[in-house]
Structures are given as C-alpha cells and as structure tokens.
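Participant: Sharing a structure, written as structure tokens. Questions coming.
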Amino acid sequence: MAKNTLSSRFRKLDIDEFDENKFVDDHDEAVDNQGPDATEIDNLIRIGDTMTAFQLALRNPPLNTKNPAIKERALAIVLRVLTSFKSSDIEPAVKSLDRSGVDLLMKYIYRGFEKPSDNSSAILLQWHEKAFAVGGLGSIVRVLTARKTV
Amino acid sequence: MSYHSFLLEPISCHSWNKDRTQIALCPNNHDVHIYKKDGTKWTKIHELKEHNGQVTGIDWAPESNRIVTCGTDRNAYVWSLKGEVWKPTLVILRINRAARCVSWSPKENKFAVGSGSRLISICYFEQENDWWVCKHIKKPIRSTVLSLDWHPNNVLLAAGSCDFKCRVFSAYIKEVEEKPGPTVWGSKMPFGEVLFESGPSGVSGGAGDGAGGGWVHGVCFSHSGNRLAWTSHDSTVAIAEGGKTSTISSLSSETLPLLCVSFITENSLVAAGHDCYPVLFVYDGTKGSVTFGGKLDVPKQTSQRGISARERFQNLDRRATSSETTEQGLESLHKNSISQISVLEGGKSKCSTFCTTGMDGGMVTWDVKSLESALKDLKIV
C-alpha cells in the first residue's frame, strides 16, 4: 500500500564520484620498509631469545607500501614472535617500548585478531591487556584512525 | 565548579555575552535560546527562530553585541538587538553543504564560517549596499572544516579540517582593514594564502611521527598568537610555534579523542572531549614538548560501603566481575562528551574561569583557582 513505485535507482549513485574536486588520497610510496628479517628472527626464537626477536620484529614496519604480500609477510613474522612468548614475559616486553612502539604493537595485535588460529587468540588477548595498560584507549583509537596500516 | 543542567538534549553550541550574564545556546534543534542569569537561576528570555536546520555554531560579539549563527540549512544570520527583540539579517554564504562553525574576528568587522563544502566563507559588511558579502577560501582544503580560531591581528585564521590537517590562512579583506604587519607566521598575507599547514606531507612532525592523523576537531591560538594548538581524532594534541616551522610538538594521549581545546595561559591549555572531563596540558617552549598536566574534575568521593552478597551475584551476572566498585555512572561532572569549551574570565593569557557544554545538556563553570587547590600537584604555569 505504501510501496514507493517510483524508481529509487538514484539512491545507489555516489554523487561525489562526479565532483571534480573529489578528495583523492595521495599515498606516497616513499621509504619502502620491507618488514623484519625472517631468518634472523627465526634463529632468535629457536635459541629462546624472544625479547630481541620482539625488538627486531617491530622495527621497519611496512607502513607505506600498498603491496599486500609484504604486509602479510611482516604480519606472519610478528605473530610468530608474539605467540612464542611466555605469559610472564609479555609485561617487560611491553614496558620496553616507547609510545609509538606501543601503538605499532596494538596495530599488529588487531591485525592478528582478524584471522584467529588455534591458540593465537588467548596469547593475543594477553598482549592486548598489557598493551592497553600502557597505551590506554588512545592507542586503540590510533589503530582505528591510522591511515597507514600495517 | 557549578554544574547546571539546561535540558536533556545535547547543547550543540553556545556563546556568552560580554559581561557573562547571558548565554546563547542551541538545544539541538533549529532555534537559539538565550538564557539570563539571576543569581543562581537561569531564565530563558529570548528564542531566536529563523534557521531551517540545526544550528551548528553561535558566536556573540562582545563589543558590538551582535550574534552570528550558522546552521545545517547552509545559512548564517547576524542578529542585532533592537529594543527588546533580536532581529536577524540573512548572510548568503554561497555554500552547498551545511555550515559547521562560525567565529567573529577580534575587531568584529568580519566573521568566518567553516562548512562541509570544503571552504571557509569570510563575510564582511559592505556599507554601500547595506549587505553582508562573503569571500571564499577554497584551496587547498579537501574536506569539511570543523573548527576555526582567529589570530589577535584580525587577519590570520586557523582552521581544522577533516582532511587531517590544521592550517593557518590569511583572511585579509582590503575593504575593511589595512595591511597587517608581519607576524611570526609570515609577512606576506594576501587573501587565501596558506601560512602554515600541519601533517605528513606539509611539515614533518617533531615528537610524534605525524603519520596518519585524524580529523582536527579543535584549534586555538594562544593569546599572543604565536602558538597554535589543535586536537585530533587520533587522540593527539599538538602545538606549533609560528616561525619555527619544523617543530610541531605533539602528544599521543591515552584518552579518547578530544573535541575542543583552549589556551588558558601562554603555556597551558585545557582540552575536553569524549572522556567527559577536561584535561590540562602543559607546553614547554624551550624543550618543545607537550606534557599531560592532569585531569581536571571533582575529586572522587570514595564511599566505602560493604557489598552485599546479592549485589555480588548481580555484578557477576551483569559485568562478569564481582568487583567492589559500583561504577554505575561516570564519576565526572559531565555525563556525556564535552563538545565546546569557552573562556569566561581572564582571556586566553590568564584565564580564571572557563565553561564547558556537552552532549548531556549541561553546562559546567570551572574555576581555575579552586581547581589548583583542590587537585594537588596540578600546576598551571
């Protein structure tokens, strides 16, 4: 009875697409960080030096590139380091980071949440708790608003 | 610290008159209400009905006693008091999206309106035609202008925008004023010139890496105009000093994003936002660093009452913890986000009282002296 019989196809049109002054995101492909070095980190994990592996993994994050393969590789390495930690070691590791390091760690944690594997969620939640204690809500807001994602 | 609840709806925007006896505010609808203070009571004396859309910005010029309002109906009105009644004059802004914020210049001969059409309208009164005329600042703004603040020299204007940048423009109108002298931000100031732009591709960040960023919600010049502070949606607050173009000091805070900011002395600023309490930040000019000064709110009254077994199980059911603290509500004065902060007395150089309004429909007047004494180790330099 109240059905609108006129065409509503116009509602699917994005009017801003036709605007010449449309905001186009300019992402410069500068300083291509290739992500952490896999072999070195593997060695460190094997000998049990998780702290150094952690420091190395968070260096050179691939923030600027648009290549998803590089990002996936970096994410896999970081997650491997994070899951190899013992619960008691998490807190000192987080304490050793500075403010931007905590923000970067939060970004990796949330990326890790996206694809949960067998036992990653539990350890990631512990990481999240410790990082939240240091970074607060601000670090989570920065994960949500960051334009350069890991 | 007095809390007054005006209404249940959010207060979209507010502005005080010169002697702070009257406040004009918008109760989240198309009108502006003016309340007069009678001792501790507030009575509504005027209702300004002209807008067809929500009123998003109000500014009351202290000297000339005119109110300018702007709204989502893409219009602005300048209201003058004729006898007992406020009479509006329409200002054609030539924008095709909503107006977001409005601000009188220090000399009150022009005002600026930020809008969703990605431009700022600078409006001035043309005597020959008896009409308000506007000029646009378009480049290089790429998105909605959320906040504006004038420099004390009446020419420079700071604008915070949704394209993640804070900029300083020149709004020099040769019809109403003379050429301004040089300032720390620059000496050549033709209309529309960008004298400063924050952000990754503009000026590189100092303390923070400046990457990413969020919408710039609030901007504020210091009293001298040499410093500019802005708050951003990625929970950061940043300060830039004019002249030293490569230093932007920013602080990534642990709180939710801050929506409004104001200098209260040359070195301290107060900001408030989604965390419902104002926060003090201290800027050290020699080191170029911003530090967190303290949370400005009433001190917590901890009531130590024992918790009954029934309450324990109820907490367990509702909140999964049987903790002692019954945080039924927020402990701050404001019960919802604070959207605007205004200095009441003392100006931006030695502020003694400031006022905040928020989405809970309440207004709180904060007294700086009593805050300093109530909350220890809070120092306002």
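If you're wondering about the labels, chains in the structure tokens are A, B, ... by order shown, residues count from 1 in each chain, ligands from 1 in order shown.
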Up to 12 Å from chain A, what residues of chain B turn up? Count only C-alpha atoms and give them as number ranges by chain.

Facilitator: B: 117-119, 138-144, 162-164, 200-201, 207-216, 232-237, 250-258, 274-275

Participant: Would you return as a ChimeraX atom specification the members of region 153-339 of chain B that DSSP assigns to strand (DSSP E or B) on this structure's backbone?

Facilitator: /B:156-161,166-170,183,186,194-197,216-221,227-232,236-241,248-252,258-263,268-273,279-284,289-295,338-339

Participant: Find the residues around Ile45 (chain A) up to 8 Å (only C-alpha atoms counted), leave out those fewer than 5 positions away in its own chain, and share them as a PyMOL selection string.

Facilitator: chain A and resi 50+53+81+84

Participant: Which polymer residues have any atom within 10 Å of an atom of region 85-92 of chain A, counting only C-alpha atoms, with same-chain residues fewer than 4 positions away left out, as an NGL selection string?

Facilitator: :A and (45 or 48-51 or 54 or 80-81 or 96-97 or 123 or 126-131 or 133-134)

Participant: Could the residues in this selection be written to a file with all heavy atoms, as a short mmCIF file (atom, residue, chain, number, x, y, z; two decimals), in the first residue's frame?

Facilitator:
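Just written: selection07.cif:
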data_model
loop_
_atom_site.label_atom_id
_atom_site.label_comp_id
_atom_site.auth_asym_id
_atom_site.auth_seq_id
_atom_site.Cartn_x
_atom_site.Cartn_y
_atom_site.Cartn_z
N ILE A 45 64.25 -16.94 17.84
CA ILE A 45 63.18 -17.66 18.53
C ILE A 45 63.67 -19.05 18.92
O ILE A 45 63.39 -19.56 20.00
CB ILE A 45 61.91 -17.77 17.65
CG1 ILE A 45 61.36 -16.39 17.34
CG2 ILE A 45 60.85 -18.60 18.35
CD1 ILE A 45 60.11 -16.43 16.52
N GLY A 48 65.65 -19.07 21.89
CA GLY A 48 64.87 -18.67 23.05
C GLY A 48 64.98 -17.20 23.41
O GLY A 48 64.41 -16.76 24.40
N ASP A 49 65.70 -16.42 22.59
CA ASP A 49 65.83 -15.00 22.92
C ASP A 49 64.65 -14.25 22.32
O ASP A 49 64.76 -13.56 21.32
CB ASP A 49 67.15 -14.48 22.35
CG ASP A 49 67.43 -13.07 22.83
OD1 ASP A 49 66.60 -12.54 23.60
OD2 ASP A 49 68.45 -12.51 22.42
N THR A 50 63.49 -14.41 22.98
CA THR A 50 62.28 -13.82 22.41
C THR A 50 62.30 -12.30 22.49
O THR A 50 61.72 -11.62 21.66
CB THR A 50 61.04 -14.35 23.15
OG1 THR A 50 61.29 -14.31 24.55
CG2 THR A 50 60.72 -15.76 22.74
N MET A 51 62.98 -11.75 23.50
CA MET A 51 62.98 -10.29 23.66
C MET A 51 63.62 -9.60 22.47
O MET A 51 63.07 -8.65 21.90
CB MET A 51 63.76 -9.95 24.94
CG MET A 51 63.57 -8.54 25.39
SD MET A 51 61.86 -8.19 25.76
CE MET A 51 62.03 -7.07 27.08
N PHE A 54 61.54 -9.89 19.44
CA PHE A 54 60.44 -8.94 19.53
C PHE A 54 60.88 -7.55 19.08
O PHE A 54 60.22 -6.89 18.27
CB PHE A 54 59.96 -8.93 20.99
CG PHE A 54 58.88 -7.96 21.29
CD1 PHE A 54 57.63 -8.12 20.73
CD2 PHE A 54 59.10 -6.90 22.14
CE1 PHE A 54 56.61 -7.23 21.02
CE2 PHE A 54 58.10 -6.01 22.44
CZ PHE A 54 56.85 -6.18 21.88
N ARG A 80 54.33 -14.74 14.79
CA ARG A 80 55.09 -15.89 15.26
C ARG A 80 55.87 -15.51 16.51
O ARG A 80 55.94 -16.29 17.47
CB ARG A 80 56.04 -16.37 14.16
CG ARG A 80 56.48 -17.80 14.44
CD ARG A 80 56.94 -18.55 13.23
NE ARG A 80 58.07 -17.91 12.61
CZ ARG A 80 58.09 -17.57 11.33
NH1 ARG A 80 57.06 -17.84 10.56
NH2 ARG A 80 59.15 -16.98 10.80
N VAL A 81 56.43 -14.31 16.51
CA VAL A 81 57.17 -13.86 17.69
C VAL A 81 56.23 -13.72 18.87
O VAL A 81 56.50 -14.17 19.98
CB VAL A 81 57.87 -12.51 17.42
CG1 VAL A 81 58.51 -11.98 18.67
CG2 VAL A 81 58.89 -12.67 16.33
N SER A 96 59.25 -2.19 27.55
CA SER A 96 60.47 -1.73 26.89
C SER A 96 60.18 -0.87 25.68
O SER A 96 61.08 -0.32 25.06
CB SER A 96 61.31 -2.93 26.45
OG SER A 96 60.67 -3.56 25.35
N LEU A 97 58.90 -0.75 25.30
CA LEU A 97 58.56 0.02 24.11
C LEU A 97 58.27 1.46 24.45
O LEU A 97 57.82 1.76 25.55
CB LEU A 97 57.32 -0.58 23.45
CG LEU A 97 57.46 -1.96 22.83
CD1 LEU A 97 56.11 -2.43 22.36
CD2 LEU A 97 58.42 -1.91 21.66
N ILE A 123 46.79 -15.84 23.56
CA ILE A 123 48.02 -15.10 23.82
C ILE A 123 47.88 -13.67 23.33
O ILE A 123 48.38 -12.72 23.95
CB ILE A 123 49.24 -15.83 23.17
CG1 ILE A 123 50.55 -15.26 23.74
CG2 ILE A 123 49.25 -15.72 21.69
CD1 ILE A 123 51.00 -15.99 24.94
N GLN A 126 46.19 -11.61 25.90
CA GLN A 126 47.10 -11.21 26.99
C GLN A 126 47.98 -10.05 26.55
O GLN A 126 48.20 -9.10 27.31
CB GLN A 126 47.97 -12.39 27.39
CG GLN A 126 47.19 -13.44 28.14
CD GLN A 126 48.08 -14.58 28.57
OE1 GLN A 126 49.29 -14.50 28.44
NE2 GLN A 126 47.48 -15.63 29.06
N TRP A 127 48.47 -10.11 25.33
CA TRP A 127 49.25 -8.99 24.80
C TRP A 127 48.40 -7.72 24.81
O TRP A 127 48.86 -6.64 25.17
CB TRP A 127 49.68 -9.29 23.36
CG TRP A 127 50.94 -10.08 23.26
CD1 TRP A 127 51.08 -11.40 23.00
CD2 TRP A 127 52.27 -9.57 23.39
NE1 TRP A 127 52.39 -11.78 22.98
CE2 TRP A 127 53.15 -10.67 23.21
CE3 TRP A 127 52.81 -8.32 23.66
CZ2 TRP A 127 54.53 -10.54 23.28
CZ3 TRP A 127 54.19 -8.20 23.73
CH2 TRP A 127 55.03 -9.29 23.54
N HIS A 128 47.14 -7.88 24.40
CA HIS A 128 46.26 -6.72 24.32
C HIS A 128 46.07 -6.10 25.69
O HIS A 128 46.11 -4.88 25.86
CB HIS A 128 44.90 -7.16 23.76
CG HIS A 128 43.96 -6.03 23.50
ND1 HIS A 128 43.16 -5.50 24.47
CD2 HIS A 128 43.70 -5.32 22.38
CE1 HIS A 128 42.44 -4.52 23.96
NE2 HIS A 128 42.75 -4.39 22.70
N GLU A 129 45.90 -6.95 26.69
CA GLU A 129 45.68 -6.43 28.05
C GLU A 129 46.88 -5.62 28.52
O GLU A 129 46.75 -4.53 29.06
CB GLU A 129 45.43 -7.60 28.99
CG GLU A 129 45.06 -7.18 30.40
CD GLU A 129 45.13 -8.36 31.36
OE1 GLU A 129 45.23 -9.51 30.86
OE2 GLU A 129 45.11 -8.15 32.57
N LYS A 130 48.07 -6.15 28.29
CA LYS A 130 49.27 -5.45 28.75
C LYS A 130 49.51 -4.17 27.94
O LYS A 130 49.90 -3.14 28.48
CB LYS A 130 50.50 -6.37 28.64
CG LYS A 130 50.40 -7.61 29.50
CD LYS A 130 50.53 -7.23 30.98
CE LYS A 130 50.53 -8.43 31.88
NZ LYS A 130 49.25 -8.92 32.27
N ALA A 131 49.28 -4.24 26.66
CA ALA A 131 49.49 -3.04 25.84
C ALA A 131 48.46 -1.98 26.19
O ALA A 131 48.77 -0.78 26.20
CB ALA A 131 49.41 -3.41 24.36
N ALA A 133 47.15 -1.49 29.09
CA ALA A 133 47.51 -0.89 30.37
C ALA A 133 48.50 0.25 30.17
O ALA A 133 48.48 1.22 30.91
CB ALA A 133 48.10 -1.95 31.29
N VAL A 134 49.36 0.12 29.18
CA VAL A 134 50.35 1.17 28.92
C VAL A 134 49.80 2.24 27.99
O VAL A 134 49.94 3.43 28.22
CB VAL A 134 51.63 0.56 28.31
CG1 VAL A 134 52.61 1.64 27.95
CG2 VAL A 134 52.25 -0.43 29.28
#

Participant: For Ile338 (chain B), work out the shell of residues within 6 Å, counting only C-alpha atoms and skipping chain neighbours fewer than 4 positions away, then give it as a list in words.

Facilitator: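 Here the qualifying residues turn out to be Ala272, Gly273, Cys276, Thr357 and Gly358 of chain B.
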
Participant: Convert the current residue selection to file output with C-alpha atoms, as a PDB file, in the first residue's frame.

Facilitator:
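Output (selection-v3.pdb):
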ATOM      1  CA  ALA B 272      37.974  18.182  26.659  1.00  0.00           C
ATOM      2  CA  GLY B 273      36.230  15.574  24.612  1.00  0.00           C
ATOM      3  CA  CYS B 276      33.687  13.797  29.662  1.00  0.00           C
ATOM      4  CA  THR B 357      28.992  22.367  27.492  1.00  0.00           C
ATOM      5  CA  GLY B 358      28.290  18.940  26.271  1.00  0.00           C
TER       6      GLY B 358
END

Participant: Tell me, in Å to one decimal, how far CA of Phe10 (chain A) is from CA of Gly116 (chain B).

Facilitator: 22.1 Å

Participant: List the spatial neighbours of Thr52 (chain A) as an MDAnalysis selection string - criterion: any atom at most 12 Å away, only C-alpha atoms, same-chain residues fewer than 6 positions off excluded.

Facilitator: chainID A and resid 40:46 58:59 81:82 85 93 96

Participant: Would you kindly return, as a list in words, each protein, DNA or RNA residue with an atom no farther than 9 Å from any atom of Ser12 (chain B), considering only C-alpha atoms and excluding same-chain residues fewer than 6 positions away?

Facilitator: Leu25, Cys26, Pro27, Asn28, Asn29, Gln54, Val55, Thr56, Gly57, Ser339, Gln340, Thr357, Gly358, Met359 and Gly361 of chain B

Participant: Give the answer as one residue: which of B:Ser170, B:Ser289, B:Ser373, B:Ser2 has the shortest atom-to-atom distance to Phe196 (chain B), using only C-alpha atoms?

Facilitator: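 That would be B:Ser170, the residue with the smallest distance to Phe196 (chain B).
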
Participant: Using only C-alpha atoms, can you tell me which of B:Arg319, B:Phe292, B:Ser342, B:Leu269 comes closest to Asp59 (chain B)?

Facilitator: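 Comparing B:Arg319, B:Phe292, B:Ser342, B:Leu269 against Asp59 (chain B), the winner is B:Ser342.
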
Participant: Would you mind writing down, as an MDAnalysis selection string, each residue of region 18-148 of chain A that DSSP on the backbone assigns to helix (DSSP H, G or I)?

Facilitator: chainID A and resid 18 38:47 50:57 68:83 87:95 99:114 120:145
